[in-house]
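Engineer: Just final-v4.pdb, nothing more (PDB, N, CA and C atoms):
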ATOM      1  N   MET D 534      24.172  58.573  -6.928  1.00  0.00           N
ATOM      2  CA  MET D 534      24.121  57.194  -6.471  1.00  0.00           C
ATOM      3  C   MET D 534      23.970  57.205  -4.958  1.00  0.00           C
ATOM      4  N   ASN D 535      23.324  56.218  -4.449  1.00  0.00           N
ATOM      5  CA  ASN D 535      23.096  56.100  -3.016  1.00  0.00           C
ATOM      6  C   ASN D 535      24.303  55.426  -2.372  1.00  0.00           C
ATOM      7  N   GLU D 536      25.294  56.220  -2.017  1.00  0.00           N
ATOM      8  CA  GLU D 536      26.550  55.679  -1.473  1.00  0.00           C
ATOM      9  C   GLU D 536      26.356  54.847  -0.206  1.00  0.00           C
ATOM     10  N   PRO D 537      25.491  55.262   0.743  1.00  0.00           N
ATOM     11  CA  PRO D 537      25.306  54.410   1.933  1.00  0.00           C
ATOM     12  C   PRO D 537      24.813  53.011   1.577  1.00  0.00           C
ATOM     13  N   THR D 538      23.926  52.920   0.587  1.00  0.00           N
ATOM     14  CA  THR D 538      23.421  51.604   0.174  1.00  0.00           C
ATOM     15  C   THR D 538      24.525  50.775  -0.466  1.00  0.00           C
ATOM     16  N   VAL D 539      25.309  51.385  -1.330  1.00  0.00           N
ATOM     17  CA  VAL D 539      26.415  50.684  -1.986  1.00  0.00           C
ATOM     18  C   VAL D 539      27.420  50.197  -0.942  1.00  0.00           C
ATOM     19  N   THR D 540      27.721  51.040   0.015  1.00  0.00           N
ATOM     20  CA  THR D 540      28.664  50.669   1.082  1.00  0.00           C
ATOM     21  C   THR D 540      28.123  49.506   1.904  1.00  0.00           C
ATOM     22  N   LYS D 541      26.850  49.552   2.251  1.00  0.00           N
ATOM     23  CA  LYS D 541      26.244  48.469   3.033  1.00  0.00           C
ATOM     24  C   LYS D 541      26.266  47.152   2.264  1.00  0.00           C
ATOM     25  N   MET D 542      25.986  47.202   0.967  1.00  0.00           N
ATOM     26  CA  MET D 542      26.028  45.978   0.157  1.00  0.00           C
ATOM     27  C   MET D 542      27.420  45.358   0.204  1.00  0.00           C
ATOM     28  N   LYS D 543      28.442  46.190   0.090  1.00  0.00           N
ATOM     29  CA  LYS D 543      29.816  45.674   0.140  1.00  0.00           C
ATOM     30  C   LYS D 543      30.130  45.103   1.515  1.00  0.00           C
ATOM     31  N   GLN D 544      29.729  45.800   2.574  1.00  0.00           N
ATOM     32  CA  GLN D 544      30.005  45.330   3.929  1.00  0.00           C
ATOM     33  C   GLN D 544      29.272  44.026   4.232  1.00  0.00           C
ATOM     34  N   MET D 545      28.106  43.844   3.627  1.00  0.00           N
ATOM     35  CA  MET D 545      27.335  42.618   3.824  1.00  0.00           C
ATOM     36  C   MET D 545      27.785  41.512   2.875  1.00  0.00           C
ATOM     37  N   LYS D 546      28.799  41.816   2.070  1.00  0.00           N
ATOM     38  CA  LYS D 546      29.352  40.872   1.099  1.00  0.00           C
ATOM     39  C   LYS D 546      28.331  40.460   0.047  1.00  0.00           C
ATOM     40  N   LEU D 547      27.483  41.403  -0.338  1.00  0.00           N
ATOM     41  CA  LEU D 547      26.515  41.195  -1.412  1.00  0.00           C
ATOM     42  C   LEU D 547      27.125  41.745  -2.699  1.00  0.00           C
ATOM     43  N   TYR D 548      28.187  41.109  -3.133  1.00  0.00           N
ATOM     44  CA  TYR D 548      28.966  41.619  -4.249  1.00  0.00           C
ATOM     45  C   TYR D 548      28.210  41.600  -5.568  1.00  0.00           C
ATOM     46  N   GLY D 549      27.399  40.580  -5.783  1.00  0.00           N
ATOM     47  CA  GLY D 549      26.599  40.530  -7.010  1.00  0.00           C
ATOM     48  C   GLY D 549      25.606  41.671  -7.063  1.00  0.00           C
ATOM     49  N   MET D 550      24.910  41.898  -5.951  1.00  0.00           N
ATOM     50  CA  MET D 550      23.957  43.009  -5.876  1.00  0.00           C
ATOM     51  C   MET D 550      24.677  44.340  -6.022  1.00  0.00           C
ATOM     52  N   HIS D 551      25.795  44.459  -5.361  1.00  0.00           N
ATOM     53  CA  HIS D 551      26.572  45.709  -5.416  1.00  0.00           C
ATOM     54  C   HIS D 551      26.938  46.044  -6.852  1.00  0.00           C
ATOM     55  N   ASN D 552      27.485  45.088  -7.562  1.00  0.00           N
ATOM     56  CA  ASN D 552      27.910  45.337  -8.939  1.00  0.00           C
ATOM     57  C   ASN D 552      26.723  45.646  -9.851  1.00  0.00           C
ATOM     58  N   ALA D 553      25.640  44.888  -9.707  1.00  0.00           N
ATOM     59  CA  ALA D 553      24.464  45.107 -10.545  1.00  0.00           C
ATOM     60  C   ALA D 553      23.823  46.460 -10.248  1.00  0.00           C
ATOM     61  N   PHE D 554      23.722  46.825  -8.972  1.00  0.00           N
ATOM     62  CA  PHE D 554      23.135  48.107  -8.580  1.00  0.00           C
ATOM     63  C   PHE D 554      23.969  49.261  -9.110  1.00  0.00           C
ATOM     64  N   LYS D 555      25.268  49.174  -8.896  1.00  0.00           N
ATOM     65  CA  LYS D 555      26.165  50.242  -9.336  1.00  0.00           C
ATOM     66  C   LYS D 555      26.129  50.388 -10.856  1.00  0.00           C
ATOM     67  N   THR D 556      26.174  49.282 -11.574  1.00  0.00           N
ATOM     68  CA  THR D 556      26.132  49.320 -13.032  1.00  0.00           C
ATOM     69  C   THR D 556      24.814  49.905 -13.538  1.00  0.00           C
ATOM     70  N   ALA D 557      23.705  49.480 -12.952  1.00  0.00           N
ATOM     71  CA  ALA D 557      22.397  49.977 -13.375  1.00  0.00           C
ATOM     72  C   ALA D 557      22.274  51.481 -13.133  1.00  0.00           C
ATOM     73  N   ILE D 558      22.736  51.944 -11.979  1.00  0.00           N
ATOM     74  CA  ILE D 558      22.649  53.369 -11.654  1.00  0.00           C
ATOM     75  C   ILE D 558      23.543  54.181 -12.590  1.00  0.00           C
ATOM     76  N   GLU D 559      24.772  53.722 -12.769  1.00  0.00           N
ATOM     77  CA  GLU D 559      25.726  54.468 -13.601  1.00  0.00           C
ATOM     78  C   GLU D 559      25.307  54.514 -15.066  1.00  0.00           C
ATOM     79  N   SER D 560      24.673  53.458 -15.548  1.00  0.00           N
ATOM     80  CA  SER D 560      24.277  53.406 -16.954  1.00  0.00           C
ATOM     81  C   SER D 560      22.904  54.036 -17.200  1.00  0.00           C
ATOM     82  N   GLY D 561      22.195  54.351 -16.123  1.00  0.00           N
ATOM     83  CA  GLY D 561      20.869  54.948 -16.259  1.00  0.00           C
ATOM     84  C   GLY D 561      19.792  53.969 -16.667  1.00  0.00           C
ATOM     85  N   LYS D 562      20.035  52.690 -16.501  1.00  0.00           N
ATOM     86  CA  LYS D 562      19.074  51.675 -16.938  1.00  0.00           C
ATOM     87  C   LYS D 562      17.982  51.401 -15.911  1.00  0.00           C
ATOM     88  N   THR D 563      17.940  52.146 -14.838  1.00  0.00           N
ATOM     89  CA  THR D 563      16.917  51.904 -13.817  1.00  0.00           C
ATOM     90  C   THR D 563      15.526  52.275 -14.311  1.00  0.00           C
ATOM     91  N   ASP D 564      15.437  53.146 -15.296  1.00  0.00           N
ATOM     92  CA  ASP D 564      14.133  53.553 -15.824  1.00  0.00           C
ATOM     93  C   ASP D 564      13.458  52.435 -16.614  1.00  0.00           C
ATOM     94  N   HIS D 565      14.216  51.434 -16.995  1.00  0.00           N
ATOM     95  CA  HIS D 565      13.675  50.340 -17.795  1.00  0.00           C
ATOM     96  C   HIS D 565      13.002  49.262 -16.941  1.00  0.00           C
ATOM     97  N   TYR D 566      13.111  49.378 -15.623  1.00  0.00           N
ATOM     98  CA  TYR D 566      12.589  48.365 -14.710  1.00  0.00           C
ATOM     99  C   TYR D 566      11.438  48.906 -13.863  1.00  0.00           C
ATOM    100  N   THR D 567      10.474  48.047 -13.566  1.00  0.00           N
ATOM    101  CA  THR D 567       9.541  48.356 -12.496  1.00  0.00           C
ATOM    102  C   THR D 567      10.288  48.054 -11.201  1.00  0.00           C
ATOM    103  N   LEU D 568       9.731  48.450 -10.080  1.00  0.00           N
ATOM    104  CA  LEU D 568      10.398  48.204  -8.807  1.00  0.00           C
ATOM    105  C   LEU D 568      10.636  46.722  -8.573  1.00  0.00           C
ATOM    106  N   ASP D 569       9.624  45.894  -8.817  1.00  0.00           N
ATOM    107  CA  ASP D 569       9.790  44.456  -8.581  1.00  0.00           C
ATOM    108  C   ASP D 569      10.778  43.836  -9.562  1.00  0.00           C
ATOM    109  N   GLU D 570      10.849  44.332 -10.788  1.00  0.00           N
ATOM    110  CA  GLU D 570      11.836  43.830 -11.748  1.00  0.00           C
ATOM    111  C   GLU D 570      13.249  44.206 -11.321  1.00  0.00           C
ATOM    112  N   PHE D 571      13.405  45.416 -10.779  1.00  0.00           N
ATOM    113  CA  PHE D 571      14.724  45.868 -10.332  1.00  0.00           C
ATOM    114  C   PHE D 571      15.216  45.025  -9.153  1.00  0.00           C
ATOM    115  N   VAL D 572      14.329  44.781  -8.197  1.00  0.00           N
ATOM    116  CA  VAL D 572      14.696  43.948  -7.053  1.00  0.00           C
ATOM    117  C   VAL D 572      15.023  42.536  -7.521  1.00  0.00           C
ATOM    118  N   SER D 573      14.232  42.013  -8.434  1.00  0.00           N
ATOM    119  CA  SER D 573      14.477  40.680  -8.977  1.00  0.00           C
ATOM    120  C   SER D 573      15.827  40.612  -9.673  1.00  0.00           C
ATOM    121  N   MET D 574      16.174  41.650 -10.428  1.00  0.00           N
ATOM    122  CA  MET D 574      17.461  41.700 -11.115  1.00  0.00           C
ATOM    123  C   MET D 574      18.609  41.694 -10.111  1.00  0.00           C
ATOM    124  N   LEU D 575      18.455  42.444  -9.017  1.00  0.00           N
ATOM    125  CA  LEU D 575      19.499  42.470  -7.987  1.00  0.00           C
ATOM    126  C   LEU D 575      19.662  41.107  -7.322  1.00  0.00           C
ATOM    127  N   ILE D 576      18.555  40.473  -7.017  1.00  0.00           N
ATOM    128  CA  ILE D 576      18.612  39.151  -6.372  1.00  0.00           C
ATOM    129  C   ILE D 576      19.210  38.123  -7.323  1.00  0.00           C
ATOM    130  N   ASP D 577      18.826  38.171  -8.589  1.00  0.00           N
ATOM    131  CA  ASP D 577      19.407  37.255  -9.581  1.00  0.00           C
ATOM    132  C   ASP D 577      20.912  37.467  -9.707  1.00  0.00           C
ATOM    133  N   ALA D 578      21.347  38.718  -9.678  1.00  0.00           N
ATOM    134  CA  ALA D 578      22.780  39.010  -9.775  1.00  0.00           C
ATOM    135  C   ALA D 578      23.523  38.442  -8.579  1.00  0.00           C
ATOM    136  N   GLU D 579      22.936  38.550  -7.407  1.00  0.00           N
ATOM    137  CA  GLU D 579      23.577  37.995  -6.206  1.00  0.00           C
ATOM    138  C   GLU D 579      23.599  36.468  -6.270  1.00  0.00           C
ATOM    139  N   TRP D 580      22.485  35.888  -6.726  1.00  0.00           N
ATOM    140  CA  TRP D 580      22.403  34.427  -6.864  1.00  0.00           C
ATOM    141  C   TRP D 580      23.480  33.910  -7.809  1.00  0.00           C
ATOM    142  N   ASP D 581      23.662  34.598  -8.916  1.00  0.00           N
ATOM    143  CA  ASP D 581      24.650  34.191  -9.908  1.00  0.00           C
ATOM    144  C   ASP D 581      26.084  34.352  -9.385  1.00  0.00           C
ATOM    145  N   GLU D 582      26.268  35.270  -8.435  1.00  0.00           N
ATOM    146  CA  GLU D 582      27.613  35.515  -7.863  1.00  0.00           C
ATOM    147  C   GLU D 582      28.042  34.369  -6.946  1.00  0.00           C
ATOM    148  N   THR D 583      27.074  33.684  -6.332  1.00  0.00           N
ATOM    149  CA  THR D 583      27.433  32.626  -5.370  1.00  0.00           C
ATOM    150  C   THR D 583      27.631  31.298  -6.038  1.00  0.00           C
TER     151      THR D 583
END
Could I get this file's structure written as structure tokens?
Structural biologist:
Amino acid sequence: MNEPTVTKMKQMKLYGMHNAFKTAIESGKTDHYTLDEFVSMLIDAEWDET
């Protein structure tokens, strides 16, 4: 896992993105997404958190 990225997300208070990114990486589900789908999923997770 990219720890610097996870740490930055937490410091920037992007908790939705942090949780979605960490879950996706840990579960290995990143292979199911294209790059734009993965970014969209992260943004949607952050949107839903607020």
Engineer: I'd like to see the residues matched by the PyMOL selection byres ((chain D and resi 578-582) around 7) on this file, and ideally I'd get them as number ranges by chain.
Structural biologist: D: 547-551, 553, 573-577, 583
Engineer: State, in Å with one decimal place, the distance from atom CA of Lys541 of chain D to atom N of Thr556 of chain D.
Structural biologist: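 According to the coordinates, atom CA of Lys541 of chain D and atom N of Thr556 of chain D are separated by 14.6 Å.
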Engineer: Mind pulling up the distance from atom N of Phe554 of chain D to atom C of Val539 of chain D?
Structural biologist: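 Separation between atom C of Val539 of chain D and atom N of Phe554 of chain D: 9.5 Å.
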Engineer: When DSSP is applied to the backbone of this structure, which of chain D are assigned alpha helix (DSSP H)? Write them out as number ranges by chain.
Structural biologist: D: 536-544, 548-560, 568-582
Engineer: How far is it from atom CA of Asn535 of chain D to atom CA of Ala557 of chain D, in Å with one decimal?
Structural biologist: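 About the pair atom CA of Asn535 of chain D and atom CA of Ala557 of chain D: they are 12.1 Å apart.
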Engineer: Starting from the incomplete input, reconstruct all heavy atoms of segment 542-553 of chain D and write that as a short mmCIF file (atom, residue, chain, number, x, y, z; two decimals), in the coordinates of the input.
Structural biologist:
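To be explicit, this is the file written out as selection-v8.cif:
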data_model
loop_
_atom_site.label_atom_id
_atom_site.label_comp_id
_atom_site.auth_asym_id
_atom_site.auth_seq_id
_atom_site.Cartn_x
_atom_site.Cartn_y
_atom_site.Cartn_z
N MET D 542 25.99 47.20 0.97
CA MET D 542 26.03 45.98 0.16
C MET D 542 27.42 45.36 0.20
O MET D 542 27.55 44.14 0.34
CB MET D 542 25.62 46.28 -1.29
CG MET D 542 24.17 46.51 -1.49
SD MET D 542 23.85 46.90 -3.24
CE MET D 542 22.10 47.12 -3.23
N LYS D 543 28.44 46.19 0.09
CA LYS D 543 29.82 45.67 0.14
C LYS D 543 30.13 45.10 1.52
O LYS D 543 30.72 44.03 1.63
CB LYS D 543 30.81 46.78 -0.21
CG LYS D 543 30.84 47.09 -1.69
CD LYS D 543 31.71 48.27 -2.02
CE LYS D 543 33.17 47.92 -2.00
NZ LYS D 543 34.02 49.02 -2.47
N GLN D 544 29.73 45.80 2.57
CA GLN D 544 30.00 45.33 3.93
C GLN D 544 29.27 44.03 4.23
O GLN D 544 29.76 43.20 4.99
CB GLN D 544 29.63 46.40 4.95
CG GLN D 544 30.57 47.58 4.93
CD GLN D 544 30.13 48.71 5.85
OE1 GLN D 544 29.00 48.75 6.34
NE2 GLN D 544 31.02 49.65 6.08
N MET D 545 28.11 43.84 3.63
CA MET D 545 27.34 42.62 3.82
C MET D 545 27.78 41.51 2.88
O MET D 545 27.22 40.42 2.87
CB MET D 545 25.85 42.91 3.62
CG MET D 545 25.28 43.85 4.67
SD MET D 545 23.60 44.39 4.30
CE MET D 545 22.70 42.86 4.53
N LYS D 546 28.80 41.82 2.07
CA LYS D 546 29.35 40.87 1.10
C LYS D 546 28.33 40.46 0.05
O LYS D 546 28.32 39.33 -0.43
CB LYS D 546 29.96 39.66 1.80
CG LYS D 546 31.09 40.07 2.72
CD LYS D 546 31.70 38.90 3.43
CE LYS D 546 32.80 39.44 4.33
NZ LYS D 546 33.34 38.47 5.22
N LEU D 547 27.48 41.40 -0.34
CA LEU D 547 26.52 41.20 -1.41
C LEU D 547 27.12 41.74 -2.70
O LEU D 547 26.65 42.71 -3.29
CB LEU D 547 25.19 41.89 -1.08
CG LEU D 547 24.48 41.39 0.18
CD1 LEU D 547 23.29 42.26 0.50
CD2 LEU D 547 24.07 39.93 0.02
N TYR D 548 28.19 41.11 -3.13
CA TYR D 548 28.97 41.62 -4.25
C TYR D 548 28.21 41.60 -5.57
O TYR D 548 28.37 42.50 -6.38
CB TYR D 548 30.29 40.86 -4.36
CG TYR D 548 31.12 40.95 -3.10
CD1 TYR D 548 31.48 39.81 -2.40
CD2 TYR D 548 31.52 42.18 -2.61
CE1 TYR D 548 32.23 39.90 -1.25
CE2 TYR D 548 32.27 42.28 -1.45
CZ TYR D 548 32.63 41.13 -0.77
OH TYR D 548 33.36 41.22 0.37
N GLY D 549 27.40 40.58 -5.78
CA GLY D 549 26.60 40.53 -7.01
C GLY D 549 25.61 41.67 -7.06
O GLY D 549 25.46 42.34 -8.09
N MET D 550 24.91 41.90 -5.95
CA MET D 550 23.96 43.01 -5.88
C MET D 550 24.68 44.34 -6.02
O MET D 550 24.19 45.24 -6.72
CB MET D 550 23.21 43.00 -4.55
CG MET D 550 22.10 42.02 -4.46
SD MET D 550 21.20 42.30 -2.92
CE MET D 550 19.93 41.09 -3.08
N HIS D 551 25.80 44.46 -5.36
CA HIS D 551 26.57 45.71 -5.42
C HIS D 551 26.94 46.04 -6.85
O HIS D 551 26.71 47.16 -7.31
CB HIS D 551 27.83 45.57 -4.55
CG HIS D 551 28.80 46.68 -4.74
ND1 HIS D 551 29.84 46.60 -5.63
CD2 HIS D 551 28.89 47.90 -4.16
CE1 HIS D 551 30.53 47.72 -5.59
NE2 HIS D 551 29.97 48.53 -4.70
N ASN D 552 27.48 45.09 -7.56
CA ASN D 552 27.91 45.34 -8.94
C ASN D 552 26.72 45.65 -9.85
O ASN D 552 26.78 46.56 -10.67
CB ASN D 552 28.70 44.14 -9.48
CG ASN D 552 30.04 44.00 -8.81
OD1 ASN D 552 30.61 44.96 -8.32
ND2 ASN D 552 30.54 42.78 -8.75
N ALA D 553 25.64 44.89 -9.71
CA ALA D 553 24.46 45.11 -10.54
C ALA D 553 23.82 46.46 -10.25
O ALA D 553 23.43 47.19 -11.17
CB ALA D 553 23.44 43.98 -10.33
#
